Each structure stands twice: as structure tokens, then as C-alpha cells.
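This report concerns only the one structure given below.
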Amino acid sequence: MTRVASREKLPRLGATRRQVIGAVLAAGAGVGVGMIWPARYIGRIYPGVEVLGLDFGGLSEAQAAARLDERLAPFRARAITFRLDDRTWTATAAELGIRVDVPATVDRAGRYGREGGFLQRFQFLGAAGHRAVIAPVVAVDQTVLGAYLDQLGAEVARAAEDARLTTSGLTVTVSPGLTGVRLDRERTRQAVMQAVEQFAPVAVEVRITEVAPRIAVADLERARAAAERAVAAPVAIAFGDRTWTLTPADLMAALVLPDAPSLASPSLDPDALRERLAPIATEVDEPPHDATVAWGGGLYATSEGHAGTTVDLDRLVAQVAAAAFADERTVELPVTYTAPVVDASNLGALNVTTLLARGDSSFAGSAEARATNVAVAVGHIGSQLTPPGGICSFNASLGPITPEQGYVEGKIIRDNWFASDLGGGVCQVSTTVFRAALLAGLPFAVWRPHSFRVSFYELDGWSPGMDAVIYQPNQDEDASSEVDLQFVNPTDAWLLLQVSIVGETVIAEVYGAPTDYEVEVSDPVMSEPIPVPPPQERPNPELPEGVREQVQVAQEGLEVTVTRRVMRDGELVSEDTFFSPYQPQPAIFEVGAGETIADDAGHE
């Protein structure tokens, strides 16, 4: 709490010779007069006493207090109006912590002239035109004043804005900053203390201090020039006779302007560059291709293998980011090469030296479409290598069954019906491969028999239970409906599966290192025939109404079990059971004026 000291203006009462003589002459008679005048001001303030320009002479203390309160009312209501530019803030005396002690001020005025010795009072009472100015008793609560200044400072303050880099199109410019301001608290407090002495509403200019931006325009020139250079021209990526270009617009899209350009340099966003450069990697990346091989009295290469190419995308991103800020703006595409596992120079390392087993199946009597599909499938499989411990997948070796691959519609088994579909007859080849792998003693990862007995698979003395179905779903079907044939290479050498056609017979041969396997395949164990179900009909919209044609002959069902034992040096290597539950086939007739029924199962 700060008190403002009162300053009283006393009349100058010098003891001149005339005054002294007058005092001596009046020593007798004057005493009576002097005693009468003070009696008139008992309980009242002596004449000539002023407070804030108010004459309190002859007033009681209550009257003086009322007049002083009235005089101070405007000051209390709006003591100070702070101004800054076109903004104003008006504060009451209480909000500023200013309190005028009216009772103490009036008391001081009332006591004036009544204190001191007889001569002092006599001189004051006897002086003509005497006048005394009494300053109000004032207290300023610095805590309250400080809180108001804090609030005022928060409203006055404006943060400095740094100059910054901006982009527009392909241009990099500098946006100037803005000088900030903050309240000069001490100077403003001093102005308040000075204004208090007027005890009337006053206007005070808010004292402020300017706050300079942390980053000025000049600080950004180096970064601006670097950013502008980064997007000024394209960056080229070269690979052999191919070239790709990142345009200035591409570079601008990746440009990163730093938050503090005076301390850091502009850069290119790696993620944005990666997104732009990824298609180049997709275009160039290529897996290694093994040489294709065949058996002809020994293993030989039918085509050369070649290395795979992989773009080092992380390195490419870094090189492009650096080139954008360099004089040389062409980078060589960074790639790594992966040698093929199999090429013409290392065929001996495959250790494929002998025929392990041969399987065959006749497709004599097949329809033209079926025979076509058999030949196409054999051509796509050709010769397939399987590494030690690997799995040979028939579907993977075959590739997609599509018209583009040469397949046509042929007869298949679909959901317990014989039907026509693309690739009918491919199972002739899978059956042949199954037989070769079976006789070679190779384990099967996936195998499934046909739903019905198929006459083609029992030609040339082959018994029931020696077939394998495969199925590739159409694009609009669930991939989980796929049926594959897979066998495992359990040896330390590579295996070669080679499929060919001799006349109307499919031949599958498995080559590898000698296994010394002795493979025993039992005669089939067959159940009693399963009765034929009642005849069935299905509509065929292509037939005239009322026409009825038989499309499937009834056939009894049969359950067949075949056992395989694989021995080596008199020890049992493995024993497998192959169970084929062939369903009975009803006689099926197609009738005209109906709707086609679509169902699914496998390529006959």
C-alpha cells in the first residue's frame, strides 16, 4: 500500500516591525478580540483552509466530508481512461487500487490552525487573506494496481510475427513479419501515480514497448534463394536408355519450407518424393527369371535365365532430394541385381541325374475341345523345377485357365453334374502328374479325387482311384473354392517335372537325384456299388419347349482305397492311403424352355 504524502501550503507570516508593534499595542485590548474569533469556529474548520480547490472555511467536518465526496465522485467512477491508438480502457479508482481517505483528509483540515503555540495561532488568526491548501490522504494498493496492469497488458500485447517463406505457383517469396508490442508496465504505473494527484478523470497514454520479430526478411534471403533454386528446373532420372523427369511442379509439391529458415534450409519431403518415384520402381522392378530346362538324355537349358532388378527407392529419394539443390540435376537410377537361382552355367548344381518315375494317361476318344485343352495344359506346364524342400503346385505351374492362354470350353464336373466350362479336360494332365509323383514316392501336400468315376482315367489298365482333380475358380467366384494338386520334394536335390504328349497319351516324368525308394502301390480296395439315384431333369433354354434330351448316363457309385508304401533299404519311409468316394451318377435329362442352372466343382 502506497500513501501519497499531503503537501500543505501555509500563509507566509513574517514578524514585521509594524506587526510586532501592533501585537504589543493589542496585548491588552487585542486579546479580547483574539479570543472571540476562535470561538466562532468551535466545531468548524478555520477560514482559508482548502482541499482540492474546495473552501472548507466555516464548514463542519460532516459538511466538508460531504463536499469532498461529491468532488471525488467523478474520479472514483472513471479515474483513468487509458488510450492506445483507437482503443480505450476506462478504470475506476477502486479497480486501480486507489482510495482517498475522506475522514482523514477532513480531520487534517479541521486540525489546521489549531496546533502549535499561542503566537502561531495568533499570527494565523490575525493574518489577512490567509490560505492553507490541504492535500487529500490517498492510499494506492499496488497489488490491485498490478493486477489491473496485468489485464491491460494482456489486451494490449500483440505477438511479433516472424517473416516467413511462402509459395505461389512455382515462385518462392518472403512474407514480411510484423512488429509486436507489449505493455511497458513500469512507465504506465508511473503515469497512473502522476494522474492520481489530479483527483479527476484523466486520460493516460498506454506506454508500450515494441517487440521485434525473431526472424526478419533479411534472415530468409538465403533460404528463399535455395528453395527457388530447388524448383527452378527438372530433375532427371536415367537408367540405360530410359529417362524419367520430375518437373518443377513435382518438386514444388514436395518442397518443405523450414519453420526457422535462418537456422535450417529448405528440403524436399521424402514421402512426397517416394509417392512420385514409386511408379518408376514399379516399372523397373523385375524378379530374376530362372533358365528353363528339359531332359533329353541329360539336363539342358531351353532358355537363358536373367538377373532380377530392384530399384533402391530410399536411395533414389535421397539422390533426387540432393540433386534439386545441386548443379547436376540428373541422377542415375540406383538398382540392385539378383542373380537367378537356375541358369545355364549351374545346371550341374541342381543334381538332377536320373528318372525317378513316369506316369501316363490316355485321352483317346476325347472330344476336340477336350483334346485341345489337354494339349494346351501340357504346353504350359512343360518342364518345372522344384527346389529341395519345396512344393510343386500344379495350378501355379499351369498358370491361369483363360481364353488368352488358349483354352476352350470342354466337359467338366460341376457340383455333381457334368457340364461344359472353360478348360474342360485339364484334369487329364493333373491325373497324369499325380500318377508320376505317386510312383516316385513323393509326399502330397494337396490331393483330391474326382466326384465321379471318369472313364478316361481307367484306360490302358489304370484302376479307379488313380486320378486327381484340380479347379480354378472364375473371377466372380470365391478363391477358397480352388482345388490344387501339390507334391513335396523331400530330397536334397532339385526335382524336374516334365510333361509331354505322345500320340493320344499324356506322359509325366519326374527326374532328380537317386532316392533308392522302393514304391509299392496296392491294388484298389473297392466297396459294393452305390445305387444310382433317380433320374433328374434340368432346364435348357436353348432347347425348344417340350424337347427332352439325355445328357448324362446313370452310373453306380463306388468307394475306392489305394495304399502306397515307400521303402528304402528295407526300412519304411512312408505309408499313405488314398480314398476316393465316387458318387453315383443319376441319369440327367435336359428339357426345353427352362433357365440355366449354374454350379461348380472341377475340370474333368
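Chains: A, B, ... in order of the C-alpha cells. Residues: from 1 per chain. Ligands: from 1, in order shown.
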Exercise for the section: Check segment 328-556 of chain A with DSSP on the backbone and list each residue it calls strand (DSSP E or B), as a ChimeraX atom specification. Expected result: /A:330-332,335-338,354-362,383-386,391-393,409-414,417-422,444-446,471,483,486-488,495-502,505-512,518-521,525-526,530,536-540,548-552,555
*Which residues, written as a list in words, have at least one atom at most 12 Å from Glu197 of chain A, with only C-alpha atoms counted and residues fewer than 2 positions away on the same chain left out?*
Arg3, Val4, Ala5, Ser6, Arg7, Leu52, Leu72, Phe75, Ala79, Ile80, Ile98, Arg99, Val100, Ala135, Pro136, Val137, Val138, Ala139, Val140, Gln190, Ala191, Val192, Met193, Gln194, Ala195, Phe199, Ala200, Pro201 and Val202 of chain A
task: Tell me which protein, DNA and RNA residues are within 10 Å of segment 208-211 of chain A, counting only C-alpha atoms, leaving out same-chain ones fewer than 5 positions away, and put them as a VMD selection string.
output: chain A and resid 84 153 156 to 161 178 to 185 187 to 188
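For the set A:Ser397, A:Ser580, A:Thr302, A:Ser361, the residue with the smallest atom-to-atom gap to Ile507 of chain A is A:Ser361, counting only C-alpha atoms.
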At a cut-off of 10 Å, can you tabulate as CSV every residue of segment 371-434 of chain A near segment 469-487 of chain A together with its closest atom pair and the distance in Å to one decimal, using only C-alpha atoms and ordering rows by chain then number?
residue,atom,partner,partner_atom,distance
A:Thr386,CA,A:Phe487,CA,9.7
A:Gly390,CA,A:Phe487,CA,8.7
A:Ile391,CA,A:Phe487,CA,5.7
A:Cys392,CA,A:Phe487,CA,5.5
A:Ser393,CA,A:Gln486,CA,4.5
A:Phe394,CA,A:Leu485,CA,5.4
A:Asn395,CA,A:Asp484,CA,6.0
A:Ala396,CA,A:Asp484,CA,8.8
A:Gly399,CA,A:Gln472,CA,9.8
A:Pro400,CA,A:Gln472,CA,7.8
A:Ile401,CA,A:Gln472,CA,7.2
A:Thr402,CA,A:Asn474,CA,9.3
A:Ile412,CA,A:Tyr471,CA,9.7
A:Ile413,CA,A:Val469,CA,9.6
A:Arg414,CA,A:Tyr471,CA,9.8
A:Leu422,CA,A:Asn474,CA,9.6
A:Gly423,CA,A:Gln472,CA,9.5
A:Gly424,CA,A:Tyr471,CA,9.9
A:Val426,CA,A:Ile470,CA,7.9
A:Cys427,CA,A:Val469,CA,5.5
A:Gln428,CA,A:Val469,CA,8.6
A:Val429,CA,A:Val469,CA,9.5
A:Ser430,CA,A:Val469,CA,6.7
A:Thr431,CA,A:Val469,CA,7.0
A:Val433,CA,A:Leu485,CA,8.8
A:Phe434,CA,A:Leu485,CA,7.6
Asn351 of chain A: which residues within 10 Å, counting only C-alpha atoms, same-chain residues fewer than 4 positions away excluded, as a PyMOL selection string? chain A and resi 299+346-347+492-495+511-514
Those residues with all heavy atoms, as a short mmCIF file (atom, residue, chain, number, x, y, z; two decimals), in the first residue's frame please?
data_model
loop_
_atom_site.label_atom_id
_atom_site.label_comp_id
_atom_site.auth_asym_id
_atom_site.auth_seq_id
_atom_site.Cartn_x
_atom_site.Cartn_y
_atom_site.Cartn_z
N LEU A 299 20.20 -83.17 -68.40
CA LEU A 299 19.56 -81.87 -68.16
C LEU A 299 20.20 -80.82 -69.05
O LEU A 299 21.43 -80.72 -69.13
CB LEU A 299 19.70 -81.48 -66.69
CG LEU A 299 18.79 -80.38 -66.17
CD1 LEU A 299 17.33 -80.81 -66.26
CD2 LEU A 299 19.15 -80.02 -64.72
N ASN A 346 24.92 -73.28 -64.19
CA ASN A 346 24.98 -74.02 -62.93
C ASN A 346 24.03 -75.20 -62.89
O ASN A 346 23.57 -75.63 -61.83
CB ASN A 346 24.70 -73.10 -61.75
CG ASN A 346 23.25 -72.64 -61.69
OD1 ASN A 346 22.50 -72.86 -62.64
ND2 ASN A 346 22.86 -72.03 -60.58
N LEU A 347 23.70 -75.77 -64.04
CA LEU A 347 22.74 -76.86 -64.06
C LEU A 347 23.25 -78.08 -63.30
O LEU A 347 22.47 -78.82 -62.70
CB LEU A 347 22.43 -77.25 -65.52
CG LEU A 347 21.72 -76.19 -66.37
CD1 LEU A 347 21.37 -76.76 -67.74
CD2 LEU A 347 20.47 -75.68 -65.66
N ASP A 492 17.45 -83.72 -51.17
CA ASP A 492 18.43 -82.64 -51.12
C ASP A 492 18.78 -82.12 -52.50
O ASP A 492 19.60 -81.21 -52.63
CB ASP A 492 19.71 -83.14 -50.44
CG ASP A 492 19.48 -83.49 -48.98
OD1 ASP A 492 18.58 -82.89 -48.37
OD2 ASP A 492 20.19 -84.37 -48.46
N ALA A 493 18.20 -82.70 -53.54
CA ALA A 493 18.44 -82.26 -54.91
C ALA A 493 17.17 -81.62 -55.47
O ALA A 493 16.11 -81.69 -54.87
CB ALA A 493 18.87 -83.45 -55.78
N TRP A 494 17.32 -80.98 -56.61
CA TRP A 494 16.14 -80.43 -57.29
C TRP A 494 15.37 -81.56 -57.96
O TRP A 494 15.92 -82.63 -58.26
CB TRP A 494 16.58 -79.42 -58.34
CG TRP A 494 17.06 -78.12 -57.74
CD1 TRP A 494 18.19 -77.93 -56.99
CD2 TRP A 494 16.44 -76.84 -57.86
NE1 TRP A 494 18.31 -76.62 -56.62
CE2 TRP A 494 17.24 -75.92 -57.14
CE3 TRP A 494 15.30 -76.38 -58.49
CZ2 TRP A 494 16.94 -74.57 -57.05
CZ3 TRP A 494 14.99 -75.03 -58.42
CH2 TRP A 494 15.78 -74.14 -57.70
N LEU A 495 14.08 -81.31 -58.19
CA LEU A 495 13.24 -82.24 -58.96
C LEU A 495 12.81 -81.55 -60.24
O LEU A 495 12.52 -80.34 -60.25
CB LEU A 495 12.00 -82.65 -58.17
CG LEU A 495 12.18 -83.54 -56.94
CD1 LEU A 495 10.83 -83.84 -56.31
CD2 LEU A 495 12.91 -84.84 -57.31
N TYR A 511 12.24 -86.30 -62.58
CA TYR A 511 13.68 -86.54 -62.56
C TYR A 511 14.27 -85.91 -61.30
O TYR A 511 13.78 -84.91 -60.79
CB TYR A 511 14.35 -85.93 -63.78
CG TYR A 511 13.93 -86.54 -65.09
CD1 TYR A 511 12.83 -86.06 -65.79
CD2 TYR A 511 14.65 -87.60 -65.64
CE1 TYR A 511 12.44 -86.61 -67.00
CE2 TYR A 511 14.27 -88.17 -66.86
CZ TYR A 511 13.17 -87.67 -67.53
OH TYR A 511 12.78 -88.23 -68.73
N GLY A 512 15.35 -86.51 -60.84
CA GLY A 512 16.06 -85.97 -59.69
C GLY A 512 17.29 -86.78 -59.40
O GLY A 512 17.77 -87.54 -60.24
N ALA A 513 17.79 -86.64 -58.17
CA ALA A 513 18.89 -87.50 -57.73
C ALA A 513 18.31 -88.83 -57.28
O ALA A 513 17.15 -88.91 -56.85
CB ALA A 513 19.64 -86.83 -56.59
N PRO A 514 19.07 -89.91 -57.37
CA PRO A 514 18.56 -91.22 -56.94
C PRO A 514 18.10 -91.18 -55.48
O PRO A 514 18.80 -90.64 -54.61
CB PRO A 514 19.77 -92.14 -57.12
CG PRO A 514 20.62 -91.47 -58.16
CD PRO A 514 20.44 -90.00 -57.93
#
